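Source file query-v7.csv; content: CSV, C-alpha atoms.
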chain,number,residue,atom,x,y,z
L,1,MET,CA,27.2,19.5,3.4
L,2,ASP,CA,24.1,19.2,1.1
L,3,GLY,CA,24.7,15.5,0.6
L,4,LYS,CA,24.1,14.9,4.4
L,5,ARG,CA,21.4,17.6,4.9
L,6,SER,CA,18.2,16.2,6.3
L,7,LEU,CA,15.0,17.2,4.5
L,8,GLY,CA,12.8,15.7,7.1
L,9,ARG,CA,11.3,12.3,8.0
L,10,ARG,CA,8.5,12.6,5.5
L,11,PHE,CA,10.9,13.2,2.6
L,12,GLY,CA,12.9,10.3,3.9
L,13,TRP,CA,9.9,8.0,3.4
L,14,LEU,CA,9.2,9.5,-0.1
L,15,TRP,CA,12.9,8.9,-1.1
L,16,ALA,CA,12.8,5.3,0.3
L,17,ALA,CA,9.7,4.6,-1.8
L,18,TYR,CA,11.3,6.1,-4.9
L,19,THR,CA,14.4,4.1,-4.3
L,20,VAL,CA,12.7,0.7,-4.1
L,21,SER,CA,10.5,1.3,-7.1
L,22,ALA,CA,13.4,2.7,-9.1
L,23,PHE,CA,15.4,-0.4,-8.3
L,24,GLY,CA,12.6,-2.7,-9.4
L,25,THR,CA,12.3,-0.7,-12.7
L,26,SER,CA,16.1,-1.0,-13.3
L,27,LEU,CA,16.0,-4.7,-12.7
L,28,SER,CA,13.4,-5.0,-15.4
L,29,PHE,CA,15.3,-2.8,-17.8
L,30,GLY,CA,14.2,-3.6,-21.4
L,31,ALA,CA,11.9,-6.4,-20.1
L,32,PHE,CA,9.1,-5.9,-22.6
L,33,PRO,CA,11.3,-5.9,-25.7
L,34,LEU,CA,13.4,-8.8,-24.3
L,35,ILE,CA,10.2,-10.8,-23.7
L,36,ALA,CA,8.9,-9.9,-27.1
L,37,VAL,CA,12.1,-11.0,-28.8
L,38,MET,CA,13.0,-14.1,-26.6
L,39,VAL,CA,9.5,-15.5,-25.9
L,40,LEU,CA,7.3,-14.3,-28.7
L,41,HIS,CA,10.1,-14.1,-31.4
L,42,ALA,CA,9.0,-10.6,-32.5
L,43,GLY,CA,10.9,-8.6,-35.1
L,44,PRO,CA,12.0,-4.9,-35.2
L,45,ALA,CA,8.7,-3.6,-36.4
L,46,ALA,CA,6.7,-5.5,-33.8
L,47,VAL,CA,9.0,-4.5,-30.9
L,48,SER,CA,8.8,-0.9,-32.0
L,49,ALA,CA,5.0,-1.1,-32.3
L,50,LEU,CA,4.8,-2.6,-28.8
L,51,ALA,CA,6.8,0.3,-27.3
L,52,ALA,CA,5.0,2.9,-29.4
L,53,ALA,CA,1.4,1.7,-28.8
L,54,GLY,CA,2.0,1.3,-25.1
L,55,LEU,CA,3.2,4.9,-24.8
L,56,ALA,CA,0.6,6.4,-27.1
L,57,VAL,CA,-2.5,4.7,-25.6
L,58,GLY,CA,-1.2,5.1,-22.1
L,59,ALA,CA,-0.7,8.8,-22.7
L,60,ALA,CA,-4.2,9.1,-24.1
L,61,VAL,CA,-5.7,7.4,-21.1
L,62,ALA,CA,-3.8,9.7,-18.8
L,63,VAL,CA,-5.2,12.9,-20.4
L,64,PRO,CA,-8.4,13.1,-18.3
L,65,LEU,CA,-6.5,12.0,-15.2
L,66,GLY,CA,-4.4,15.2,-14.9
L,67,PRO,CA,-7.2,17.6,-14.0
L,68,TRP,CA,-8.8,15.0,-11.8
L,69,VAL,CA,-5.5,14.6,-9.8
L,70,GLU,CA,-4.9,18.3,-9.6
L,71,PHE,CA,-7.7,18.8,-7.0
L,72,ARG,CA,-7.2,15.7,-5.0
L,73,ARG,CA,-4.8,14.7,-2.3
L,74,LYS,CA,-1.6,13.5,-4.0
L,75,ARG,CA,-0.5,10.7,-1.7
L,76,PRO,CA,-3.6,8.5,-2.2
L,77,VAL,CA,-3.3,9.0,-5.9
L,78,MET,CA,0.4,7.9,-5.8
L,79,VAL,CA,-0.5,4.8,-3.7
L,80,ALA,CA,-3.3,3.9,-6.1
L,81,MET,CA,-1.0,4.2,-9.2
L,82,ASP,CA,1.7,2.0,-7.5
L,83,LEU,CA,-1.0,-0.7,-6.8
L,84,VAL,CA,-2.2,-0.5,-10.4
L,85,ARG,CA,1.3,-1.0,-11.7
L,86,PHE,CA,1.8,-3.9,-9.2
L,87,ALA,CA,-1.3,-5.7,-10.5
L,88,ALA,CA,-0.6,-5.1,-14.2
L,89,LEU,CA,3.0,-6.3,-14.1
L,90,LEU,CA,2.2,-9.3,-11.9
L,91,SER,CA,-0.2,-10.5,-14.6
L,92,VAL,CA,2.7,-11.1,-17.1
L,93,PRO,CA,4.7,-13.7,-15.1
L,94,ALA,CA,1.3,-15.3,-14.1
L,95,ALA,CA,0.3,-15.7,-17.8
L,96,TYR,CA,3.8,-16.9,-18.7
L,97,THR,CA,3.7,-19.6,-16.0
L,98,LEU,CA,0.3,-20.7,-17.3
L,99,GLY,CA,1.6,-20.8,-20.9
L,100,VAL,CA,-0.9,-18.2,-22.2
L,101,LEU,CA,1.3,-15.1,-22.5
L,102,GLY,CA,0.7,-13.3,-25.8
L,103,PHE,CA,1.6,-10.1,-27.6
L,104,VAL,CA,-1.8,-8.5,-26.8
L,105,GLN,CA,-1.3,-8.9,-23.1
L,106,LEU,CA,2.1,-7.3,-23.3
L,107,LEU,CA,0.5,-4.4,-25.1
L,108,VAL,CA,-2.3,-4.0,-22.6
L,109,VAL,CA,0.1,-4.1,-19.7
L,110,SER,CA,2.4,-1.5,-21.3
L,111,VAL,CA,-0.6,0.8,-21.8
L,112,VAL,CA,-1.8,0.5,-18.2
L,113,VAL,CA,1.8,1.0,-16.8
L,114,ALA,CA,2.4,4.0,-19.1
L,115,ALA,CA,-0.9,5.7,-17.9
L,116,ALA,CA,-0.1,5.0,-14.3
L,117,ASP,CA,3.5,6.3,-14.8
L,118,ILE,CA,2.3,9.7,-16.1
L,119,THR,CA,-0.3,10.1,-13.4
L,120,PHE,CA,2.1,9.1,-10.6
L,121,ALA,CA,4.8,11.4,-11.9
L,122,ALA,CA,2.5,14.4,-12.0
L,123,ALA,CA,1.1,13.7,-8.5
L,124,SER,CA,4.6,13.1,-7.0
L,125,GLY,CA,5.9,16.3,-8.6
L,126,ALA,CA,3.1,18.4,-7.0
L,127,PHE,CA,3.6,16.5,-3.7
L,128,LEU,CA,7.4,17.1,-3.7
L,129,LYS,CA,6.8,20.9,-4.3
L,130,SER,CA,4.5,21.0,-1.2
L,131,LEU,CA,7.0,19.0,0.9
L,132,VAL,CA,10.3,20.9,0.2
L,133,GLY,CA,11.0,24.3,-1.3
L,134,GLY,CA,13.7,26.9,-1.9
L,135,GLU,CA,17.2,25.4,-2.4
L,136,ASP,CA,15.9,22.2,-0.9
L,137,LEU,CA,14.0,21.5,-4.0
L,138,LEU,CA,17.2,21.2,-6.1
L,139,ILE,CA,18.8,19.0,-3.4
L,140,ALA,CA,15.7,16.7,-3.4
L,141,ASN,CA,15.7,16.4,-7.2
L,142,GLY,CA,19.5,15.8,-7.1
L,143,ARG,CA,19.0,12.9,-4.7
L,144,PHE,CA,16.3,11.4,-6.8
L,145,GLU,CA,18.5,11.7,-9.9
L,146,ALA,CA,21.5,10.1,-8.1
L,147,THR,CA,19.2,7.3,-6.8
L,148,ASN,CA,17.9,6.6,-10.3
L,149,TRP,CA,21.4,6.2,-11.8
L,150,THR,CA,22.6,4.2,-8.8
L,151,THR,CA,19.8,1.7,-9.3
L,152,ILE,CA,20.5,1.5,-13.0
L,153,VAL,CA,24.2,0.7,-12.4
L,154,ILE,CA,23.2,-2.2,-10.1
L,155,GLY,CA,19.8,-3.3,-11.5
L,156,PRO,CA,20.3,-4.3,-15.2
L,157,PRO,CA,23.3,-6.7,-14.6
L,158,LEU,CA,21.4,-8.3,-11.8
L,159,GLY,CA,18.3,-8.4,-14.0
L,160,GLY,CA,20.3,-10.0,-16.8
L,161,ALA,CA,21.6,-12.7,-14.4
L,162,ALA,CA,18.1,-13.2,-13.0
L,163,ILE,CA,16.8,-13.8,-16.5
L,164,GLY,CA,19.5,-16.3,-17.1
L,165,LEU,CA,18.7,-18.2,-13.9
L,166,PHE,CA,15.0,-17.9,-13.5
L,167,GLY,CA,13.6,-17.1,-17.0
L,168,PRO,CA,12.6,-14.1,-19.1
L,169,VAL,CA,9.8,-12.8,-16.8
L,170,ALA,CA,11.6,-12.9,-13.5
L,171,THR,CA,12.5,-9.3,-13.5
L,172,LEU,CA,8.9,-8.2,-14.1
L,173,LEU,CA,7.9,-10.1,-11.0
L,174,ALA,CA,10.5,-8.2,-9.0
L,175,ASP,CA,9.4,-4.9,-10.5
L,176,ALA,CA,5.8,-5.6,-9.6
L,177,VAL,CA,6.8,-6.3,-5.9
L,178,SER,CA,8.8,-3.1,-5.9
L,179,TYR,CA,5.6,-1.1,-6.6
L,180,LEU,CA,3.8,-2.8,-3.8
L,181,LEU,CA,6.7,-1.8,-1.4
L,182,SER,CA,6.7,1.7,-2.8
L,183,ALA,CA,2.9,2.0,-2.0
L,184,LEU,CA,3.6,1.0,1.6
L,185,GLY,CA,6.4,3.5,1.8
L,186,ILE,CA,4.2,6.4,0.6
L,187,ARG,CA,1.5,5.4,3.0
L,188,ALA,CA,4.1,5.6,5.8
L,189,ILE,CA,4.9,9.3,5.0
L,190,GLY,CA,1.9,10.3,7.1
L,191,GLY,CA,1.1,13.9,8.0
L,192,GLY,CA,-1.8,16.0,6.9
L,193,GLU,CA,-2.5,16.9,3.3
L,194,PRO,CA,-5.3,19.4,2.7
L,195,ARG,CA,-7.6,18.7,-0.3
L,196,PRO,CA,-6.9,21.3,-3.0
L,197,VAL,CA,-9.9,23.5,-3.8
L,198,PRO,CA,-10.4,24.6,-7.4
L,199,ALA,CA,-11.1,28.3,-7.7
L,200,GLY,CA,-11.2,30.8,-10.5
L,201,ALA,CA,-8.5,30.3,-13.2
L,202,ALA,CA,-7.5,27.0,-11.5
L,203,LYS,CA,-10.5,25.2,-13.0
L,204,GLY,CA,-10.1,23.6,-16.3
L,205,SER,CA,-8.9,20.6,-18.3
L,206,LEU,CA,-5.4,19.4,-19.2
L,207,LEU,CA,-5.6,22.0,-21.9
L,208,GLU,CA,-4.7,24.5,-19.2
L,209,GLY,CA,-1.4,22.8,-18.7
L,210,TRP,CA,-0.5,23.1,-22.4
L,211,ARG,CA,-1.8,26.7,-22.5
L,212,TYR,CA,0.5,27.6,-19.6
L,213,ILE,CA,3.5,25.9,-21.2
L,214,LEU,CA,3.0,27.5,-24.6
L,215,ALA,CA,2.3,30.9,-23.2
L,216,SER,CA,5.6,30.9,-21.2
L,217,PRO,CA,8.6,32.3,-23.1
L,218,VAL,CA,10.9,30.3,-20.8
L,219,LEU,CA,9.1,27.0,-20.5
L,220,ARG,CA,8.0,26.8,-24.2
L,221,PRO,CA,11.5,26.2,-25.7
L,222,LEU,CA,12.4,23.8,-22.9
L,223,PHE,CA,9.2,21.9,-23.6
L,224,PHE,CA,10.0,21.4,-27.3
L,225,ASN,CA,13.6,20.7,-26.6
L,226,THR,CA,13.0,18.0,-23.9
L,227,VAL,CA,10.2,16.4,-25.7
L,228,LEU,CA,12.2,16.0,-28.9
L,229,VAL,CA,15.5,15.0,-27.3
L,230,ASN,CA,13.8,12.3,-25.2
L,231,ALA,CA,11.9,11.0,-28.2
L,232,LEU,CA,14.9,10.9,-30.5
L,233,ILE,CA,17.0,9.1,-27.8
L,234,MET,CA,14.3,6.6,-27.0
L,235,ALA,CA,12.9,5.9,-30.5
L,236,PRO,CA,16.0,3.9,-31.7
L,237,VAL,CA,16.2,1.8,-28.5
L,238,PRO,CA,14.0,-1.1,-29.7
L,239,LEU,CA,16.1,-1.1,-32.9
L,240,LEU,CA,19.3,-1.2,-30.9
L,241,THR,CA,17.9,-4.0,-28.8
L,242,VAL,CA,17.1,-6.2,-31.8
L,243,LEU,CA,20.5,-5.3,-33.4
L,244,MET,CA,22.5,-6.3,-30.3
L,245,LEU,CA,20.5,-9.4,-29.3
L,246,GLY,CA,20.1,-10.5,-32.9
L,247,PRO,CA,22.7,-10.0,-35.7
L,248,LEU,CA,25.5,-8.8,-33.3
L,249,GLY,CA,24.9,-11.8,-31.0
L,250,PHE,CA,25.2,-10.1,-27.6
L,251,ALA,CA,23.9,-12.1,-24.6
L,252,PRO,CA,21.2,-10.5,-22.4
L,253,TRP,CA,23.7,-9.9,-19.7
L,254,GLN,CA,26.0,-8.2,-22.1
L,255,TYR,CA,23.1,-6.0,-23.3
L,256,ALA,CA,22.3,-5.1,-19.7
L,257,LEU,CA,26.0,-4.4,-18.9
L,258,ALA,CA,26.3,-2.1,-21.9
L,259,PHE,CA,23.6,0.2,-20.4
L,260,SER,CA,24.3,-0.2,-16.7
L,261,VAL,CA,28.0,0.5,-16.4
L,262,PRO,CA,27.7,4.0,-18.1
L,263,CYS,CA,25.2,4.9,-15.4
L,264,LEU,CA,28.1,5.6,-13.2
L,265,GLY,CA,28.2,8.9,-15.2
L,266,GLY,CA,24.7,9.5,-13.9
L,267,LEU,CA,26.0,9.4,-10.3
L,268,LEU,CA,28.7,11.8,-11.2
L,269,GLY,CA,26.4,14.2,-13.1
L,270,SER,CA,23.7,14.3,-10.4
L,271,ARG,CA,26.3,15.0,-7.7
L,272,ILE,CA,28.0,17.9,-9.6
L,273,ALA,CA,24.8,19.5,-10.9
L,274,ARG,CA,24.2,21.7,-7.8
L,275,PRO,CA,27.9,22.8,-7.4
L,276,LEU,CA,27.9,23.7,-11.1
L,277,VAL,CA,24.8,25.8,-10.7
L,278,ALA,CA,26.3,27.6,-7.7
L,279,ARG,CA,29.5,28.3,-9.7
L,280,TYR,CA,28.2,29.0,-13.2
L,281,GLY,CA,24.5,29.8,-12.8
L,282,ARG,CA,21.5,27.8,-13.7
L,283,HIS,CA,21.1,29.0,-17.3
L,284,ARG,CA,24.7,28.2,-18.3
L,285,VAL,CA,24.5,24.8,-16.8
L,286,LEU,CA,21.1,24.0,-18.6
L,287,LEU,CA,22.5,25.3,-21.9
L,288,THR,CA,25.8,23.5,-21.8
L,289,SER,CA,24.5,20.1,-20.5
L,290,GLY,CA,21.5,20.4,-22.9
L,291,VAL,CA,23.9,20.7,-25.9
L,292,LEU,CA,26.2,17.9,-24.7
L,293,ARG,CA,23.4,15.4,-24.3
L,294,ALA,CA,22.5,15.7,-27.9
L,295,CYS,CA,26.0,15.1,-29.3
L,296,TRP,CA,26.6,11.4,-28.4
L,297,PRO,CA,23.8,9.1,-29.8
L,298,LEU,CA,25.0,9.2,-33.4
L,299,GLY,CA,27.8,6.9,-32.4
L,300,LEU,CA,25.4,4.0,-31.8
L,301,ALA,CA,24.9,3.6,-35.5
L,302,PHE,CA,28.5,2.3,-35.7
L,303,VAL,CA,28.2,-0.5,-33.0
L,304,GLY,CA,29.7,-3.8,-34.0
L,305,PRO,CA,30.0,-7.3,-32.5
L,306,GLY,CA,32.4,-8.3,-29.7
L,307,THR,CA,34.2,-6.3,-27.1
L,308,ALA,CA,34.8,-3.3,-29.4
L,309,GLY,CA,31.1,-2.9,-30.0
L,310,LEU,CA,30.3,-3.3,-26.3
L,311,LEU,CA,32.8,-0.6,-25.4
L,312,LEU,CA,31.4,1.7,-28.1
L,313,VAL,CA,27.9,1.5,-26.6
L,314,MET,CA,29.3,2.1,-23.1
L,315,VAL,CA,31.2,5.2,-24.2
L,316,VAL,CA,28.3,6.7,-26.0
L,317,GLU,CA,25.9,6.0,-23.2
L,318,LEU,CA,28.4,7.3,-20.6
L,319,GLY,CA,28.4,10.6,-22.5
L,320,VAL,CA,24.6,10.8,-22.8
L,321,ILE,CA,23.9,9.8,-19.2
L,322,THR,CA,26.4,12.1,-17.6
L,323,SER,CA,25.1,15.1,-19.6
L,324,CYS,CA,21.5,14.1,-18.8
L,325,ALA,CA,22.2,13.7,-15.1
L,326,VAL,CA,23.4,17.2,-14.9
L,327,PHE,CA,20.6,18.6,-17.0
L,328,ASN,CA,17.6,16.7,-15.4
L,329,PRO,CA,17.6,17.8,-11.8
L,330,VAL,CA,18.3,21.5,-12.7
L,331,PHE,CA,15.6,21.4,-15.4
L,332,SER,CA,13.1,19.6,-13.1
L,333,THR,CA,13.6,22.1,-10.3
L,334,PHE,CA,13.4,25.1,-12.6
L,335,ARG,CA,10.1,23.8,-14.1
L,336,LEU,CA,8.5,23.3,-10.7
L,337,GLU,CA,9.7,26.8,-9.6
L,338,MET,CA,8.2,28.3,-12.8
L,339,THR,CA,4.8,26.6,-12.4
L,340,PRO,CA,2.2,27.9,-9.9
L,341,THR,CA,1.1,25.4,-7.4
L,342,ASP,CA,-2.5,25.2,-8.7
L,343,ARG,CA,-1.2,24.2,-12.2
L,344,VAL,CA,1.6,21.8,-11.3
L,345,VAL,CA,-0.2,18.5,-11.9
L,346,ARG,CA,-1.8,19.7,-15.2
L,347,THR,CA,1.4,21.2,-16.4
L,348,LEU,CA,3.5,18.1,-15.6
L,349,SER,CA,0.8,15.8,-17.0
L,350,ALA,CA,0.6,17.8,-20.3
L,351,TRP,CA,4.4,17.8,-20.5
L,352,SER,CA,4.5,14.0,-19.9
L,353,VAL,CA,1.6,13.2,-22.2
L,354,THR,CA,3.2,15.1,-25.1
L,355,GLY,CA,6.5,13.5,-24.4
L,356,LYS,CA,5.1,10.0,-24.4
L,357,LEU,CA,3.0,10.6,-27.5
L,358,THR,CA,5.9,12.0,-29.4
L,359,THR,CA,8.2,9.2,-28.3
L,360,ALA,CA,5.5,6.7,-29.3
L,361,ALA,CA,5.0,8.3,-32.7
L,362,LEU,CA,8.8,8.4,-33.4
L,363,THR,CA,9.3,4.9,-32.1
L,364,ALA,CA,6.7,3.5,-34.5
L,365,LEU,CA,8.0,5.6,-37.3
L,366,TRP,CA,11.6,4.5,-36.7
L,367,GLY,CA,10.4,0.9,-36.7
L,368,LEU,CA,8.9,1.3,-40.1
L,369,LEU,CA,11.9,3.3,-41.2
L,370,ALA,CA,14.3,0.5,-40.2
L,371,THR,CA,12.2,-1.9,-42.4
L,372,PHE,CA,13.0,0.2,-45.5
L,373,THR,CA,16.4,1.7,-44.8
L,374,GLY,CA,18.0,-0.7,-42.4
L,375,THR,CA,18.5,-0.7,-38.6
L,376,ARG,CA,21.8,1.2,-38.6
L,377,GLU,CA,20.6,3.9,-41.0
L,378,ALA,CA,17.5,4.5,-38.8
L,379,ILE,CA,19.7,4.8,-35.7
L,380,ALA,CA,22.0,7.2,-37.5
L,381,LEU,CA,19.1,9.4,-38.6
L,382,ALA,CA,18.0,9.8,-35.0
L,383,GLY,CA,21.5,10.8,-34.0
L,384,LEU,CA,21.7,13.4,-36.8
L,385,LEU,CA,18.4,15.0,-35.9
L,386,LEU,CA,19.4,15.2,-32.3
L,387,LEU,CA,22.3,17.5,-33.3
L,388,ALA,CA,19.8,20.1,-34.2
L,389,THR,CA,17.8,20.1,-31.0
L,390,PRO,CA,20.1,22.5,-29.0
L,391,LEU,CA,18.7,25.3,-31.3
L,392,LEU,CA,15.5,25.0,-29.2
L,393,LEU,CA,17.2,25.7,-25.8
L,394,PRO,CA,16.4,29.1,-24.3
L,395,ARG,CA,19.1,31.6,-25.0
L,396,ARG,CA,18.5,34.0,-22.1
L,397,PRO,CA,18.4,33.4,-18.3
L,398,ALA,CA,15.0,33.7,-16.6
L,399,THR,CA,13.8,34.5,-13.1
L,400,VAL,CA,11.1,32.7,-11.1
L,401,PRO,CA,7.8,34.6,-11.1
L,402,GLU,CA,6.7,36.0,-7.8
L,403,ALA,CA,3.5,33.9,-7.8
L,404,SER,CA,5.5,30.7,-8.1
L,405,GLN,CA,8.0,31.8,-5.5
L,406,ASP,CA,5.3,32.5,-3.0
L,407,ALA,CA,3.8,29.1,-3.5
L,408,LEU,CA,7.0,27.4,-2.4
L,409,PRO,CA,7.5,26.5,1.3
L,410,SER,CA,10.6,28.2,2.8
L,411,SER,CA,12.0,25.0,4.3
L,412,ALA,CA,11.8,21.2,4.2
L,413,GLY,CA,8.6,19.5,5.2
L,414,SER,CA,8.5,18.0,8.7
L,415,PRO,CA,6.4,15.3,10.3
Starting from the coordinates I provided, produce the structure as structure tokens.
Amino acid sequence: MDGKRSLGRRFGWLWAAYTVSAFGTSLSFGAFPLIAVMVLHAGPAAVSALAAAGLAVGAAVAVPLGPWVEFRRKRPVMVAMDLVRFAALLSVPAAYTLGVLGFVQLLVVSVVVAAADITFAAASGAFLKSLVGGEDLLIANGRFEATNWTTIVIGPPLGGAAIGLFGPVATLLADAVSYLLSALGIRAIGGGEPRPVPAGAAKGSLLEGWRYILASPVLRPLFFNTVLVNALIMAPVPLLTVLMLGPLGFAPWQYALAFSVPCLGGLLGSRIARPLVARYGRHRVLLTSGVLRACWPLGLAFVGPGTAGLLLVMVVELGVITSCAVFNPVFSTFRLEMTPTDRVVRTLSAWSVTGKLTTAALTALWGLLATFTGTREAIALAGLLLLATPLLLPRRPATVPEASQDALPSSAGSP
């Protein structure tokens, strides 16, 4: 069975590194807005500004890094980005302990982490494509997706408990340590990795990534769809955080529970993605799950206090997460297959930069919108706009270009 199929020792170390860092990230779920609200007493506009500025500046910093990473060995870049995130996050509990933590530091750390996230994701995508190929690529992405949702089921409730026991910055300390452990795991992968050599059309800036995406009749609609869907899902999150922790009176552990329990749907979705593709075809699965993930968030505008409100958030998040968990590994695999090896980093970086900038812009805009229209109204508008995003999904199935197929290894990487 695919669930027990070995993809090699080197992939095992990569998966282990991903698991530990994903668990650390899930422990610190919502840590920055929680610290802003609980420690610095920030309001909706400030919390939205924190999320938006971190993403926007982080994305801008990452722009020149994409071409730089493209023609360097990927593992050292991944290790470096893990260590950068370790140091940046560690500075927050240190400053809190010394009594000097401020909004500006949270902003700077969020920028550094965002830039490192983009760079790491692009490098790891290229490294994964060189490590596994063919049908193993979908299996690998499915395992990452399942791991992500597993850690989110477990992490936020434990993080909420840790905040209650040890204070508001405890989870950021755990997240910092997880990046250090991830760096050690990536170092342990071993094996040779030739230095990529730029040649001919491979040379260029991050603009090459955007040009390739926009010139592709298949990737272009997926690009606009995923960027807008992710932004419209994430933009109201700071508003929902303020609403639930403020006027609705939910405790931090209840807030964490509302978003962790539905992640069981992520486990289900990630496990059924490949069987669904085998039965119905990749295009139909992408289209159906892409439509379904846009249908749920409008319900968050109607959340109320108490058990009923908590259950409503859980039901909505369960629908969103299950749909996304089917869509994401299929989409990620398809995007890698459609992208030539010498353009993977720049394409993924361009995609990620655009996504983060769009999310940042909409997050800031929604923070201002909530000031004038009210928090619920702003959340409702995001949900309504999401209902139109399926129009951007590709209507026709596509095949993988020969150039990209040839670049894929025929089997899993080995030591």
With distances taken over all atoms listed in the file, which of L:Leu393, L:Leu90, L:Val39, L:Leu357 is nearest to L:Met234?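 Selected residue with least distance to L:Met234: L:Leu357.
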Would you pick out the contacts of L:Thr389 at 8 Å or less, using only C-alpha atoms, so that residues sharing its chain but fewer than 5 positions from it are not included, and give the list as a list in words?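 Within the cut-off, the hits are Asn225, Leu228, Val229, Val291 and Ala294 of chain L.
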Generate a file of the selected residues that holds C-alpha atoms, formatted as a short mmCIF file (atom, residue, chain, number, x, y, z; two decimals), in the frame of the given file.
data_model
loop_
_atom_site.label_atom_id
_atom_site.label_comp_id
_atom_site.auth_asym_id
_atom_site.auth_seq_id
_atom_site.Cartn_x
_atom_site.Cartn_y
_atom_site.Cartn_z
CA ASN L 225 13.60 20.70 -26.60
CA LEU L 228 12.20 16.00 -28.90
CA VAL L 229 15.50 15.00 -27.30
CA VAL L 291 23.90 20.70 -25.90
CA ALA L 294 22.50 15.70 -27.90
#
Given all atoms listed in the file as the counted atoms, nearest of L:Leu387, L:Val330, L:Ala88, L:Ala22 to L:Pro275: L:Val330
Do you have the atom CA of L:Ala251-atom CA of L:Pro156 distance handy? 12.7 Å
Of the candidates L:Ile321, L:Val113, L:Leu348, L:Ile213, which one gets nearest to L:Cys295 if we count all atoms listed in the file?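 Ranking L:Ile321, L:Val113, L:Leu348, L:Ile213 by distance to L:Cys295, first place goes to L:Ile321.
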I'd like to know which of L:Phe71, L:Phe144, L:Phe331, L:Tyr96 is closest to L:Tyr18, using all atoms listed in the file. L:Phe144
Residue list as a CSV table (one decimal) with C-alpha atoms, in the frame of the given file for point (10.8, -3.2, -4.1), cut-off 8 Å, all atoms listed in the file:
chain,number,residue,atom,x,y,z
L,20,VAL,CA,12.7,0.7,-4.1
L,21,SER,CA,10.5,1.3,-7.1
L,23,PHE,CA,15.4,-0.4,-8.3
L,24,GLY,CA,12.6,-2.7,-9.4
L,174,ALA,CA,10.5,-8.2,-9.0
L,175,ASP,CA,9.4,-4.9,-10.5
L,176,ALA,CA,5.8,-5.6,-9.6
L,177,VAL,CA,6.8,-6.3,-5.9
L,178,SER,CA,8.8,-3.1,-5.9
L,179,TYR,CA,5.6,-1.1,-6.6
L,180,LEU,CA,3.8,-2.8,-3.8
L,181,LEU,CA,6.7,-1.8,-1.4
L,182,SER,CA,6.7,1.7,-2.8
Which residues of stretch 138-157 of chain L come within 6 Å of stretch 256-273 of chain L, and what is each one's closest atom pair and distance in Å (one decimal), counting only C-alpha atoms, sorted by chain and residue number, as a tab-separated table?
residue	atom	partner	partner_atom	distance
L:Gly142	CA	L:Ser270	CA	5.5
L:Glu145	CA	L:Ser270	CA	5.8
L:Ala146	CA	L:Leu267	CA	5.1
L:Trp149	CA	L:Gly266	CA	5.1
L:Ile152	CA	L:Ser260	CA	5.6
L:Val153	CA	L:Ser260	CA	4.4
L:Pro156	CA	L:Ala256	CA	5.0
L:Pro157	CA	L:Ala256	CA	5.4
Give me the residues within 8 Å of L:Ala380 as a PyMOL selection string, counting all atoms listed in the file and dropping any in the same chain fewer than 4 places off. chain L and resi 298-301+376+384
What's around stretch 364-367 of chain L at 6 Å? Count all atoms listed in the file, leave out sequence neighbours fewer than 6 positions away in its own chain, and write the answer as a ChimeraX atom specification. /L:45,48-49,52
Considering all atoms listed in the file, give me a table of residues in stretch 37-107 of chain L that are at most 10 Å from stretch 241-245 of chain L, with the closest atom pair and distance in Å for each, as CSV.
residue,atom,partner,partner_atom,distance
L:Val37,CA,L:Val242,CA,7.6
L:Met38,CA,L:Leu245,CA,9.3
L:Ala42,CA,L:Val242,CA,9.2
L:Gly43,CA,L:Val242,CA,7.4
L:Pro44,CA,L:Val242,CA,6.3
L:Ala45,CA,L:Val242,CA,9.9
L:Val47,CA,L:Val242,CA,8.3
L:Ser48,CA,L:Val242,CA,9.8
Which polymer residues have any atom within 10 Å of an atom of L:Gly306, counting only C-alpha atoms, with same-chain residues fewer than 5 positions away left out, as a compact mmCIF listing (two decimals) with C-alpha atoms, in the coordinates of the input?
# COMPACT_ATOMS: atom_id res chain seq x y z
CA LEU L 248 25.50 -8.80 -33.30
CA GLY L 249 24.90 -11.80 -31.00
CA PHE L 250 25.20 -10.10 -27.60
CA GLN L 254 26.00 -8.20 -22.10
CA LEU L 311 32.80 -0.60 -25.40
Which of L:Leu386, L:Val303, L:Val227, L:Ala360 sits closest to L:Val320 [using all atoms listed in the file]: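 Once distances to L:Val320 are computed over all atoms listed in the file, the minimum belongs to L:Leu386.
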For atom CA of L:Leu7 and atom CA of L:Asp342, quote the distance in Å rounded to one decimal.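 Answer for the atom CA of L:Leu7 to atom CA of L:Asp342 separation: 23.3 Å.
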Shell around L:Leu128 at 12 Å using all atoms listed in the file, local window under 3 positions removed, as an MDAnalysis selection string: chainID L and resid 7 10:15 18 74:75 78 120:125 131:134 136:141 144 186 189 332:333 336:337 341 344:345 408:409 412:413
Separation of atom CA of L:Arg282 from atom CA of L:Arg143 in Å: 17.6 Å
Can you work out which one of L:Leu89, L:Ala370, L:Met81, L:Leu165 has the shortest atom-to-atom distance to L:Pro252, counting all atoms listed in the file?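 Between L:Leu89, L:Ala370, L:Met81, L:Leu165, the residue approaching L:Pro252 most closely is L:Leu165.
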